[in-house]
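For reference, structure_10.txt (compact mmCIF, C-alpha atoms and all ligand atoms):
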# COMPACT_ATOMS: atom_id res chain seq x y z
CA MET Y 1 124.07 88.68 114.78
CA SER Y 2 120.59 87.19 114.57
CA ASP Y 3 120.54 85.08 117.77
CA GLN Y 4 122.38 87.73 119.77
CA SER Y 5 119.84 90.38 118.86
CA ARG Y 6 116.70 88.33 119.51
CA ILE Y 7 114.34 89.85 122.10
CA ASP Y 8 112.12 87.76 124.39
CA ILE Y 9 109.60 89.51 126.59
CA GLN Y 10 107.90 87.22 129.09
CA ASN Y 11 104.85 88.10 131.13
CA VAL Y 12 105.90 91.74 131.51
CA THR Y 13 103.69 94.14 133.47
CA LYS Y 14 104.43 97.79 134.25
CA THR Y 15 102.28 99.58 136.78
CA PHE Y 16 102.23 103.35 137.38
CA GLY Y 17 100.27 104.44 140.45
CA GLY Y 18 98.15 101.28 140.47
CA ILE Y 19 97.35 101.42 136.75
CA ASN Y 20 98.79 98.89 134.31
CA ALA Y 21 100.48 100.74 131.44
CA VAL Y 22 101.59 97.32 130.13
CA SER Y 23 99.82 94.11 131.18
CA GLU Y 24 101.26 90.57 131.10
CA VAL Y 25 102.88 91.03 127.71
CA ASP Y 26 104.56 88.09 125.98
CA LEU Y 27 106.42 88.89 122.78
CA SER Y 28 109.36 87.47 120.84
CA ILE Y 29 111.13 89.53 118.20
CA GLU Y 30 113.46 87.59 115.90
CA GLY Y 31 117.07 88.78 115.80
CA GLY Y 32 117.65 91.06 112.81
CA ALA Y 33 113.95 91.81 112.40
CA TYR Y 34 112.33 95.18 111.88
CA CYS Y 35 109.53 95.35 114.44
CA CYS Y 36 106.98 98.20 114.54
CA MET Y 37 104.78 98.75 117.58
CA ILE Y 38 101.57 100.59 116.90
CA GLY Y 39 98.44 101.52 118.84
CA PRO Y 40 96.43 104.52 119.99
CA SER Y 41 97.97 107.13 122.26
CA GLY Y 42 98.36 105.79 125.80
CA CYS Y 43 98.23 102.08 124.84
CA GLY Y 44 101.65 101.39 126.40
CA LYS Y 45 103.94 101.10 123.39
CA THR Y 46 106.49 103.68 124.60
CA THR Y 47 106.53 102.10 128.05
CA LEU Y 48 107.28 98.70 126.49
CA LEU Y 49 110.05 100.25 124.35
CA ARG Y 50 111.54 102.01 127.37
CA MET Y 51 111.57 98.74 129.32
CA ILE Y 52 113.51 97.04 126.50
CA ALA Y 53 115.93 100.01 126.62
CA GLY Y 54 116.28 99.83 130.40
CA HIS Y 55 114.85 103.31 130.99
CA GLU Y 56 111.97 101.70 132.90
CA THR Y 57 112.03 98.55 135.01
CA PRO Y 58 109.16 96.06 134.68
CA THR Y 59 106.97 95.70 137.76
CA SER Y 60 107.04 91.96 136.98
CA GLY Y 61 108.21 89.67 134.18
CA THR Y 62 111.50 89.30 132.31
CA ILE Y 63 113.17 90.74 129.21
CA SER Y 64 115.97 88.84 127.48
CA ILE Y 65 118.21 89.95 124.64
CA GLY Y 66 120.20 87.30 122.82
CA GLY Y 67 119.11 84.75 125.42
CA GLN Y 68 120.50 86.81 128.32
CA ASP Y 69 118.13 88.10 131.00
CA VAL Y 70 118.66 91.89 130.92
CA THR Y 71 115.66 92.86 133.08
CA SER Y 72 117.79 94.46 135.78
CA LEU Y 73 120.80 95.52 133.68
CA LYS Y 74 121.60 99.21 133.23
CA THR Y 75 120.84 100.93 129.92
CA GLY Y 76 124.47 101.02 128.82
CA SER Y 77 125.17 97.33 129.39
CA ARG Y 78 122.35 95.51 127.62
CA GLY Y 79 123.37 96.09 123.99
CA THR Y 80 120.54 98.48 123.15
CA ALA Y 81 120.50 102.08 121.95
CA LEU Y 82 117.47 104.36 122.07
CA MET Y 83 116.88 107.11 119.55
CA PHE Y 84 114.73 109.79 121.11
CA GLN Y 85 111.76 111.42 119.42
CA ASN Y 86 113.20 114.95 119.76
CA TYR Y 87 116.73 113.74 118.83
CA ALA Y 88 118.18 115.29 122.06
CA LEU Y 89 121.32 116.61 120.35
CA PHE Y 90 123.79 118.82 122.25
CA PRO Y 91 123.35 122.28 120.70
CA HIS Y 92 126.91 123.55 121.29
CA LEU Y 93 128.77 120.45 120.08
CA THR Y 94 129.65 119.81 116.45
CA ILE Y 95 127.96 116.94 114.67
CA THR Y 96 131.12 114.86 115.03
CA ASP Y 97 131.31 115.50 118.77
CA ASN Y 98 127.60 114.77 119.19
CA VAL Y 99 128.05 111.40 117.52
CA ALA Y 100 131.30 110.66 119.38
CA PHE Y 101 129.90 111.61 122.78
CA SER Y 102 128.93 108.18 124.06
CA LEU Y 103 132.40 106.85 123.19
CA LYS Y 104 133.88 109.63 125.35
CA VAL Y 105 131.71 108.44 128.23
CA ARG Y 106 133.10 104.95 127.59
CA GLY Y 107 136.66 106.27 127.87
CA GLN Y 108 137.84 105.96 124.26
CA SER Y 109 140.66 108.25 123.10
CA ALA Y 110 139.81 111.45 121.21
CA ASP Y 111 141.35 110.17 117.97
CA ALA Y 112 139.58 106.81 118.10
CA ARG Y 113 136.19 108.31 118.81
CA ARG Y 114 136.50 111.00 116.11
CA GLU Y 115 137.45 108.32 113.61
CA ALA Y 116 134.47 106.14 114.61
CA ALA Y 117 132.13 109.16 114.48
CA ARG Y 118 133.31 110.07 110.97
CA GLU Y 119 132.72 106.49 109.81
CA MET Y 120 129.20 106.56 111.21
CA LEU Y 121 128.50 110.00 109.67
CA ASP Y 122 129.64 108.61 106.34
CA ARG Y 123 127.16 105.74 106.73
CA VAL Y 124 124.28 108.22 107.16
CA GLN Y 125 125.67 110.45 104.36
CA LEU Y 126 126.51 113.43 106.57
CA LEU Y 127 130.30 113.44 106.52
CA HIS Y 128 130.34 116.69 104.55
CA LEU Y 129 128.57 118.45 107.46
CA ALA Y 130 130.75 116.98 110.22
CA ASN Y 131 131.88 120.36 111.61
CA ARG Y 132 128.48 122.04 111.84
CA VAL Y 133 126.40 122.39 114.99
CA PRO Y 134 122.81 121.00 115.11
CA SER Y 135 121.08 124.37 114.53
CA GLU Y 136 122.82 124.53 111.14
CA LEU Y 137 121.10 121.33 109.99
CA SER Y 138 117.66 120.55 108.58
CA GLY Y 139 115.21 118.35 110.51
CA GLY Y 140 116.04 115.34 108.34
CA GLN Y 141 119.78 115.88 108.83
CA GLN Y 142 119.37 116.20 112.61
CA GLN Y 143 117.48 112.95 112.56
CA ARG Y 144 120.34 111.22 110.79
CA VAL Y 145 122.81 112.63 113.35
CA ALA Y 146 120.63 111.16 116.11
CA LEU Y 147 120.67 107.82 114.29
CA ALA Y 148 124.47 107.91 113.93
CA ARG Y 149 124.78 108.78 117.61
CA ALA Y 150 122.62 105.83 118.62
CA LEU Y 151 124.42 103.41 116.31
CA ILE Y 152 128.00 104.33 117.28
CA THR Y 153 127.89 102.10 120.36
CA ASN Y 154 127.36 99.11 118.04
CA PRO Y 155 124.08 98.04 119.61
CA LYS Y 156 122.45 94.65 119.02
CA VAL Y 157 119.08 96.36 119.18
CA LEU Y 158 118.13 99.88 118.07
CA LEU Y 159 114.98 101.29 119.68
CA LEU Y 160 113.27 104.17 117.91
CA ASP Y 161 110.51 106.22 119.54
CA GLU Y 162 108.42 107.84 116.77
CA PRO Y 163 111.60 108.63 114.79
CA LEU Y 164 109.82 110.16 111.80
CA SER Y 165 107.08 112.16 113.50
CA ALA Y 166 108.89 115.53 113.41
CA LEU Y 167 109.51 115.36 109.67
CA ASP Y 168 107.31 116.64 106.85
CA GLU Y 169 105.58 114.11 104.61
CA PHE Y 170 108.23 114.15 101.87
CA LEU Y 171 111.17 113.70 104.24
CA ARG Y 172 109.29 111.10 106.25
CA LEU Y 173 108.90 108.88 103.20
CA ARG Y 174 112.56 109.35 102.27
CA MET Y 175 113.82 108.61 105.79
CA ARG Y 176 111.56 105.56 105.93
CA VAL Y 177 113.47 104.08 103.01
CA GLU Y 178 116.78 105.00 104.63
CA LEU Y 179 115.85 103.42 107.95
CA LYS Y 180 114.91 100.16 106.27
CA ARG Y 181 118.13 100.12 104.23
CA LEU Y 182 120.24 100.86 107.29
CA GLN Y 183 118.55 98.09 109.25
CA SER Y 184 119.10 95.51 106.56
CA ASP Y 185 122.77 96.63 106.08
CA LEU Y 186 123.49 96.41 109.80
CA GLY Y 187 121.51 93.20 110.35
CA ILE Y 188 120.51 94.25 113.88
CA THR Y 189 117.03 94.32 115.40
CA PHE Y 190 115.08 97.57 115.08
CA VAL Y 191 112.06 98.20 117.33
CA HIS Y 192 110.20 101.27 116.13
CA VAL Y 193 107.20 102.87 117.84
CA THR Y 194 104.81 104.64 115.49
CA HIS Y 195 101.32 106.11 115.30
CA THR Y 196 101.16 105.72 111.55
CA GLN Y 197 99.68 102.56 110.01
CA PRO Y 198 101.27 102.87 106.53
CA GLU Y 199 104.66 103.38 108.21
CA ALA Y 200 104.30 100.15 110.19
CA ILE Y 201 103.06 98.20 107.18
CA ALA Y 202 105.85 99.51 104.92
CA LEU Y 203 108.76 99.01 107.31
CA ALA Y 204 108.08 96.06 109.52
CA ASP Y 205 108.79 92.37 109.29
CA GLN Y 206 106.66 92.12 112.43
CA VAL Y 207 103.85 94.51 113.39
CA VAL Y 208 102.76 94.58 117.04
CA VAL Y 209 99.31 96.11 117.51
CA MET Y 210 98.60 97.19 121.09
CA ASP Y 211 95.52 98.38 122.97
CA HIS Y 212 95.10 99.15 126.70
CA GLY Y 213 98.52 97.77 127.64
CA VAL Y 214 98.08 94.41 125.91
CA ILE Y 215 99.16 93.04 122.53
CA GLU Y 216 96.12 92.49 120.35
CA GLN Y 217 98.09 90.92 117.50
CA ALA Y 218 101.75 90.43 116.56
CA ALA Y 219 102.33 89.16 113.02
CA SER Y 220 103.69 90.01 109.59
CA PRO Y 221 102.19 93.16 108.01
CA ARG Y 222 100.41 91.05 105.41
CA GLU Y 223 98.78 88.87 108.03
CA ILE Y 224 97.80 91.86 110.17
CA TYR Y 225 96.23 93.54 107.17
CA ASN Y 226 94.54 90.50 105.63
CA LYS Y 227 93.75 88.51 108.73
CA PRO Y 228 93.13 90.95 111.58
CA HIS Y 229 92.52 89.17 114.86
CA SER Y 230 89.71 91.34 116.18
CA PRO Y 231 87.30 94.10 115.10
CA TYR Y 232 89.67 96.52 116.86
CA VAL Y 233 92.72 95.48 114.76
CA ALA Y 234 90.63 95.56 111.56
CA ARG Y 235 89.42 99.09 112.31
CA PHE Y 236 92.68 100.41 113.71
CA MET Y 237 94.83 99.20 110.80
CA GLY Y 238 92.20 100.45 108.36
CA GLY Y 239 91.12 99.34 104.92
CA GLN Y 240 88.40 97.00 106.23
CA ASN Y 241 84.65 96.90 106.78
CA VAL Y 242 83.57 95.15 109.97
CA LEU Y 243 80.21 93.36 109.79
CA GLY Y 244 78.29 91.08 112.14
CA GLY Y 245 75.76 88.29 112.16
CA THR Y 246 74.51 85.16 113.89
CA VAL Y 247 75.66 81.72 112.79
CA GLU Y 248 72.84 79.64 111.34
CA ARG Y 249 74.78 76.51 110.43
CA VAL Y 250 78.30 75.28 109.71
CA SER Y 251 79.17 72.84 106.98
CA ASP Y 252 82.38 72.00 105.14
CA ASN Y 253 84.36 74.43 107.28
CA THR Y 254 82.08 77.30 106.16
CA ALA Y 255 79.72 79.08 108.55
CA ILE Y 256 76.52 80.56 107.18
CA ALA Y 257 75.72 83.71 109.16
CA LEU Y 258 72.69 85.98 108.91
CA SER Y 259 72.94 89.70 109.56
CA PRO Y 260 70.13 91.52 111.45
CA ASP Y 261 68.62 92.56 108.07
CA GLY Y 262 68.58 88.92 106.90
CA THR Y 263 71.56 89.05 104.48
CA ARG Y 264 73.42 85.75 104.28
CA TYR Y 265 77.20 85.62 104.59
CA ASP Y 266 79.44 82.60 103.90
CA LEU Y 267 82.41 82.65 106.26
CA PRO Y 268 85.30 80.36 105.31
CA ASP Y 269 87.69 78.67 107.83
CA ALA Y 270 84.99 78.68 110.48
CA ASN Y 271 85.03 75.21 112.05
CA ASP Y 272 85.41 76.72 115.50
CA VAL Y 273 81.98 78.43 115.57
CA LYS Y 274 78.54 76.88 116.11
CA PRO Y 275 74.90 77.75 115.38
CA GLY Y 276 73.65 80.63 117.51
CA ASP Y 277 77.12 82.24 117.92
CA LYS Y 278 77.24 85.97 117.33
CA VAL Y 279 80.21 86.60 115.04
CA ARG Y 280 82.06 89.56 113.58
CA PHE Y 281 83.88 89.40 110.27
CA SER Y 282 85.74 91.76 107.98
CA VAL Y 283 85.99 92.36 104.26
CA ARG Y 284 88.60 94.55 102.61
CA ARG Y 285 87.34 97.86 101.22
CA ASP Y 286 89.33 97.42 98.03
CA ARG Y 287 87.68 94.09 97.21
CA ILE Y 288 84.16 95.51 96.79
CA SER Y 289 82.18 96.07 93.58
CA LEU Y 290 79.20 98.41 93.39
CA ALA Y 291 76.10 97.51 91.42
CA ASP Y 292 72.77 99.25 90.86
CA LYS Y 293 70.81 95.96 91.03
CA ALA Y 294 71.18 93.01 93.36
CA GLN Y 295 72.91 90.08 91.63
CA ASP Y 296 72.86 87.75 94.60
CA ALA Y 297 71.38 88.67 97.94
CA SER Y 298 74.23 87.02 99.86
CA ASN Y 299 77.65 88.50 100.72
CA SER Y 300 76.51 92.00 99.94
CA ALA Y 301 75.48 95.25 101.60
CA PHE Y 302 72.73 97.55 100.42
CA GLY Y 303 72.80 101.24 101.20
CA GLN Y 304 72.61 104.86 100.21
CA VAL Y 305 75.73 106.67 98.99
CA THR Y 306 76.64 109.36 101.55
CA ASN Y 307 80.02 110.50 100.24
CA ILE Y 308 82.27 110.10 97.21
CA GLU Y 309 85.97 110.95 97.36
CA TYR Y 310 88.34 110.72 94.43
CA GLN Y 311 91.72 109.44 95.68
CA GLY Y 312 93.71 109.27 92.44
CA THR Y 313 94.08 105.55 91.92
CA PHE Y 314 90.70 104.69 93.42
CA VAL Y 315 87.42 106.28 94.48
CA LYS Y 316 86.24 106.02 98.07
CA VAL Y 317 82.48 105.54 98.21
CA SER Y 318 80.75 105.61 101.62
CA LEU Y 319 77.37 103.93 102.15
CA ASP Y 320 74.81 104.23 104.91
CA THR Y 321 73.55 100.65 105.32
CA GLY Y 322 71.56 101.35 108.47
CA GLN Y 323 74.34 99.88 110.66
CA ARG Y 324 76.41 101.69 113.29
CA GLU Y 325 79.42 101.89 110.98
CA GLU Y 326 79.45 103.24 107.45
CA PHE Y 327 80.26 100.69 104.78
CA ILE Y 328 83.14 101.81 102.56
CA ALA Y 329 84.21 100.67 99.11
CA TYR Y 330 87.47 101.58 97.41
CA VAL Y 331 86.59 101.23 93.74
CA ASP Y 332 89.32 101.13 91.11
CA ASP Y 333 89.12 104.48 89.26
CA GLU Y 334 88.55 102.95 85.81
CA GLU Y 335 85.79 100.69 87.13
CA TYR Y 336 84.20 103.58 89.01
CA PHE Y 337 84.16 106.04 86.10
CA ALA Y 338 82.64 103.37 83.83
CA ALA Y 339 79.56 103.58 86.11
CA PRO Y 340 79.83 106.67 88.36
CA LYS Y 341 77.54 107.01 91.40
CA GLU Y 342 75.78 109.98 92.97
CA VAL Y 343 75.29 110.94 96.60
CA GLY Y 344 71.82 109.77 97.64
CA GLN Y 345 71.77 106.89 95.15
CA LYS Y 346 71.00 103.38 96.48
CA VAL Y 347 73.56 100.75 95.54
CA TYR Y 348 74.52 97.16 96.25
CA ALA Y 349 78.04 96.47 97.44
CA THR Y 350 79.06 92.92 96.56
CA TRP Y 351 82.14 90.73 97.00
CA LYS Y 352 83.26 87.16 96.70
CA PRO Y 353 82.41 85.04 99.76
CA HIS Y 354 85.98 83.73 100.19
CA LEU Y 355 86.97 87.34 101.07
CA ASN Y 356 84.98 87.25 104.31
CA HIS Y 357 87.38 86.94 107.24
CA LEU Y 358 86.10 85.76 110.60
CA LEU Y 359 87.36 87.92 113.50
CA ARG Y 360 88.08 85.75 116.54
CA GLY Y 361 89.20 88.40 119.01
CA THR Y 362 86.55 90.09 121.13
CA ASN Y 363 88.04 93.61 121.25
CA ASP Y 364 85.36 95.62 119.47
CA SER Y 365 86.68 99.12 120.22
CA ALA Y 366 87.31 101.74 117.56
CA GLY Y 367 90.95 102.29 118.52
CA MET Y 368 90.62 105.71 120.09
CA PRO Y 369 93.33 107.24 122.34
CA HIS Y 370 93.25 106.21 126.01
CA GLU Y 371 93.87 109.44 127.82
P1 LIG D 1 101.82 107.83 123.03
O1 LIG D 1 101.62 107.27 121.66
O2 LIG D 1 100.89 108.95 123.34
O3 LIG D 1 103.25 108.12 123.33
P2 LIG D 1 101.97 105.25 124.31
O4 LIG D 1 101.16 104.18 123.67
O5 LIG D 1 103.40 105.25 123.99
O6 LIG D 1 101.33 106.66 124.02
P3 LIG D 1 102.76 105.15 127.06
O7 LIG D 1 103.58 106.39 126.99
O8 LIG D 1 103.50 103.87 127.12
O9 LIG D 1 101.72 105.10 125.86
O10 LIG D 1 101.78 105.26 128.31
C1 LIG D 1 100.93 104.20 128.70
C2 LIG D 1 100.15 104.65 129.94
O11 LIG D 1 101.03 104.76 131.05
C3 LIG D 1 99.47 106.00 129.79
O12 LIG D 1 98.24 105.95 130.44
C4 LIG D 1 100.42 106.95 130.49
O13 LIG D 1 99.74 108.07 130.99
C5 LIG D 1 100.99 106.07 131.59
N1 LIG D 1 102.39 106.44 131.94
C6 LIG D 1 103.46 106.36 131.13
N2 LIG D 1 104.58 106.77 131.78
C7 LIG D 1 104.18 107.12 133.04
C8 LIG D 1 104.85 107.61 134.20
N3 LIG D 1 106.18 107.81 134.21
N4 LIG D 1 104.12 107.84 135.30
C9 LIG D 1 102.78 107.63 135.33
N5 LIG D 1 102.09 107.16 134.27
C10 LIG D 1 102.77 106.91 133.14

Represent the supplied structure as structure tokens.
Amino acid sequence: MSDQSRIDIQNVTKTFGGINAVSEVDLSIEGGAYCCMIGPSGCGKTTLLRMIAGHETPTSGTISIGGQDVTSLKTGSRGTALMFQNYALFPHLTITDNVAFSLKVRGQSADARREAAREMLDRVQLLHLANRVPSELSGGQQQRVALARALITNPKVLLLDEPLSALDEFLRLRMRVELKRLQSDLGITFVHVTHTQPEAIALADQVVVMDHGVIEQAASPREIYNKPHSPYVARFMGGQNVLGGTVERVSDNTAIALSPDGTRYDLPDANDVKPGDKVRFSVRRDRISLADKAQDASNSAFGQVTNIEYQGTFVKVSLDTGQREEFIAYVDDEEYFAAPKEVGQKVYATWKPHLNHLLRGTNDSAGMPHE
């Protein structure tokens, strides 16, 4: 299945009333991959999904599935199925008939489509409810009916628009596991639009982070999280502090940058910057130690504790360092309670220099919705 379900998006733009909802997007999704698209409200992720599904036509550019240009093919003939956010089930039809519906449209006999629907309901563990109508099901069960209905046409690509957003936290986590299992059993490509960072990180083989109609970064979850491309990706995906400085010198692939307050930072893998460049870099919040005294003036931040939040496995400590953004440390709970802090106390946040990650992209926004 893998080559047949590969998606190639080339130079795709979609304009609504003179405004680009999606701008010159290039993206390849491996066949059989789980791809999550994420970004603030209005960034164009649903429009991109709908263009893959054939519910919108690109203003320019091409979309191929399995090597075939499907840009102008109808929704039913490009091998995709779209699962809608609100499930869009027919209220008066039984679960079986809801699932079988698209086979009826395709002209299959009543017996054949009932049989196929029952098989699909079995796959999503709902066979025992086959004769109920949607109002007699829970939200999670309705969601599984919608999944079965999308999958019955045997698509090469399943497109999911915020599939878990209507579920409560407990069900959402359970369905997340089920979606991943289903995708790996079926071996087809899933493209899943979400607002939720942990959902994207947990599910995806490939995370696509969008902003203002463009792709800011498309990579594995680990790479997105550890090596964000820009300040925007670092902030939007969370878990990072974004700092800045001016490069003083570069030697042995390491740039030495000075922050406005004169702190020195060693930035590894930095052969592409030169003295005088203004740079941004990130450091993970969970890689920070807090000390009452300065051990080494470099690769550190000094500030006043403004907030302390116990999070179970770690403690979130916020510092005012005099910069625009608060500096945040996630301190392991055992380490924290060995030397607890107080609001108002001045502390040094320190970390190992190899943890500094240079941000090459210029998008410095905070990742707010674009309404
Ligand atoms: P959300 O997470 O809120 O669903 P999104 O990232 O999926 O947002 P899109 O729905 O793709 O964003 O919308 C991208 C932009 O295109 C928005 O500015 C939106 O208002 C605009 N847009 C989308 N569909 C249409 C349409 N049919 N007509 C006019 N403008 C549209």

Compile a residue-level contact table for chain Y against ligand LIG 1 (chain D) at a cut-off of 10 Å, reporting for every qualifying residue the shortest atom pair and its distance in Å to one decimal, with all atoms listed in the file counted, rows ordered by chain and ascending number, as CSV.
residue,atom,partner,partner_atom,distance
Y:Lys14,CA,D:LIG1,O11,8.4
Y:Thr15,CA,D:LIG1,O11,7.8
Y:Phe16,CA,D:LIG1,C9,4.8
Y:Gly17,CA,D:LIG1,C9,6.5
Y:Gly18,CA,D:LIG1,C9,9.4
Y:Ile19,CA,D:LIG1,O11,7.6
Y:Asn20,CA,D:LIG1,O11,7.1
Y:Ala21,CA,D:LIG1,O11,4.1
Y:Val22,CA,D:LIG1,C1,7.1
Y:Met37,CA,D:LIG1,O4,8.9
Y:Ile38,CA,D:LIG1,O4,7.7
Y:Gly39,CA,D:LIG1,O4,6.1
Y:Pro40,CA,D:LIG1,O4,6.0
Y:Ser41,CA,D:LIG1,O2,3.6
Y:Gly42,CA,D:LIG1,O9,3.4
Y:Cys43,CA,D:LIG1,O4,3.8
Y:Gly44,CA,D:LIG1,O8,3.2
Y:Lys45,CA,D:LIG1,O4,4.2
Y:Thr46,CA,D:LIG1,O5,3.5
Y:Thr47,CA,D:LIG1,O8,3.6
Y:Leu48,CA,D:LIG1,O8,6.4
Y:Leu49,CA,D:LIG1,O8,8.0
Y:Arg50,CA,D:LIG1,O8,8.3
Y:Met51,CA,D:LIG1,O8,9.8
Y:Glu56,CA,D:LIG1,N3,8.5
Y:Gln85,CA,D:LIG1,O3,9.9
Y:Asp161,CA,D:LIG1,O3,8.4
Y:Glu162,CA,D:LIG1,O3,8.4
Y:Val193,CA,D:LIG1,O5,7.6
Y:Thr194,CA,D:LIG1,O1,7.4
Y:His195,CA,D:LIG1,O1,6.5
Y:Met210,CA,D:LIG1,O4,7.9
Y:Asp211,CA,D:LIG1,O4,8.1
Y:His212,CA,D:LIG1,C1,8.0
Y:Gly213,CA,D:LIG1,C1,6.9
Y:Pro369,CA,D:LIG1,O2,7.8
Y:His370,CA,D:LIG1,O12,6.7
Y:Glu371,CA,D:LIG1,O12,6.2

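Pairwise distance (CA of Pro155 in chain Y, CA of Ile29 in chain Y) equals 15.6 Å.
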
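Between CA of Gly76 in chain Y and CA of Ser5 in chain Y the interatomic distance comes to 15.3 Å.
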
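Between CA of Ser230 in chain Y and CA of Tyr265 in chain Y the interatomic distance comes to 18.0 Å.
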
Edge lengths and centre in Å to one decimal, as AutoDock Vina command-line options, is what I'm after for the box along x, y and z that holds all listed atoms of range 168-186 of chain Y once 4 Å is added on each side.
--center_x 114.5 --center_y 106.1 --center_z 105.8 --size_x 25.9 --size_y 29.1 --size_z 15.9

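Using all atoms listed in the file, the nearest neighbour of Ala219 in chain Y within the list Y:His354, Y:Val25, Y:Lys316, Y:Glu30 is Y:Glu30.
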
Q.
Could you check the closest approach to Asp296 in chain Y for each of Y:Tyr330, Y:Val233, Y:Asn98, Y:Pro353 and tell me which residue wins, using all atoms listed in the file?
A. Y:Pro353

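For the choices Y:Ala234, Y:Ala88, Y:Ala297, Y:Leu243, the atom-to-atom distance to Asn363 in chain Y is smallest for Y:Ala234 when using only C-alpha atoms.
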
Restrict the calculation to all atoms listed in the file, then for each residue of range 187-268 of chain Y with any atom at most 10 Å from an atom of range 319-328 of chain Y give the closest atom pair and their distance in Å to one decimal, rows by chain and rising residue number, as JSON lines.
{"residue": "Y:Gly239", "atom": "CA", "partner": "Y:Ile328", "partner_atom": "CA", "distance": 8.7}
{"residue": "Y:Gln240", "atom": "CA", "partner": "Y:Ile328", "partner_atom": "CA", "distance": 8.0}
{"residue": "Y:Asn241", "atom": "CA", "partner": "Y:Phe327", "partner_atom": "CA", "distance": 6.1}
{"residue": "Y:Val242", "atom": "CA", "partner": "Y:Glu325", "partner_atom": "CA", "distance": 8.0}
{"residue": "Y:Leu243", "atom": "CA", "partner": "Y:Glu325", "partner_atom": "CA", "distance": 8.6}
{"residue": "Y:Gly244", "atom": "CA", "partner": "Y:Gln323", "partner_atom": "CA", "distance": 9.8}
{"residue": "Y:Pro260", "atom": "CA", "partner": "Y:Gln323", "partner_atom": "CA", "distance": 9.4}
{"residue": "Y:Asp261", "atom": "CA", "partner": "Y:Gly322", "partner_atom": "CA", "distance": 9.3}

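For the choices Y:Val209, Y:Leu290, Y:Ala204, Y:Glu342, the atom-to-atom distance to Pro221 in chain Y is smallest for Y:Ala204 when using all atoms listed in the file.
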
Ile52 in chain Y surroundings by only C-alpha atoms, 9 Å radius, close-in-sequence under 2 positions cut, as an mmCIF file with C-alpha atoms, keeping the file's coordinate frame:
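Saved as selection01.cif:
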data_model
loop_
_atom_site.group_PDB
_atom_site.id
_atom_site.type_symbol
_atom_site.label_atom_id
_atom_site.label_comp_id
_atom_site.auth_asym_id
_atom_site.auth_seq_id
_atom_site.Cartn_x
_atom_site.Cartn_y
_atom_site.Cartn_z
ATOM 1 C CA ILE Y 7 114.340 89.850 122.100
ATOM 2 C CA ILE Y 9 109.600 89.510 126.590
ATOM 3 C CA THR Y 47 106.530 102.100 128.050
ATOM 4 C CA LEU Y 48 107.280 98.700 126.490
ATOM 5 C CA LEU Y 49 110.050 100.250 124.350
ATOM 6 C CA ARG Y 50 111.540 102.010 127.370
ATOM 7 C CA GLY Y 54 116.280 99.830 130.400
ATOM 8 C CA HIS Y 55 114.850 103.310 130.990
ATOM 9 C CA GLU Y 56 111.970 101.700 132.900
ATOM 10 C CA THR Y 57 112.030 98.550 135.010
ATOM 11 C CA ILE Y 63 113.170 90.740 129.210
ATOM 12 C CA SER Y 64 115.970 88.840 127.480
ATOM 13 C CA ILE Y 65 118.210 89.950 124.640
ATOM 14 C CA VAL Y 70 118.660 91.890 130.920
ATOM 15 C CA THR Y 71 115.660 92.860 133.080
ATOM 16 C CA THR Y 75 120.840 100.930 129.920
ATOM 17 C CA THR Y 80 120.540 98.480 123.150
ATOM 18 C CA LEU Y 159 114.980 101.290 119.680
#

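Omitting Glu24 in chain Y and its sequence neighbours fewer than 2 positions away, and counting only C-alpha atoms, the residues within 8 Å are Y:Gln10, Y:Asn11, Y:Val12, Y:Thr13, Y:Val22, Y:Asp26, Y:Gly61, Y:Val214.
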
Selection export as an mmCIF file, in the coordinates of the input, atoms kept: C-alpha atoms:
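And here's result.cif as it stands now:
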data_model
loop_
_atom_site.group_PDB
_atom_site.id
_atom_site.type_symbol
_atom_site.label_atom_id
_atom_site.label_comp_id
_atom_site.auth_asym_id
_atom_site.auth_seq_id
_atom_site.Cartn_x
_atom_site.Cartn_y
_atom_site.Cartn_z
ATOM 1 C CA GLN Y 10 107.900 87.220 129.090
ATOM 2 C CA ASN Y 11 104.850 88.100 131.130
ATOM 3 C CA VAL Y 12 105.900 91.740 131.510
ATOM 4 C CA THR Y 13 103.690 94.140 133.470
ATOM 5 C CA VAL Y 22 101.590 97.320 130.130
ATOM 6 C CA ASP Y 26 104.560 88.090 125.980
ATOM 7 C CA GLY Y 61 108.210 89.670 134.180
ATOM 8 C CA VAL Y 214 98.080 94.410 125.910
#
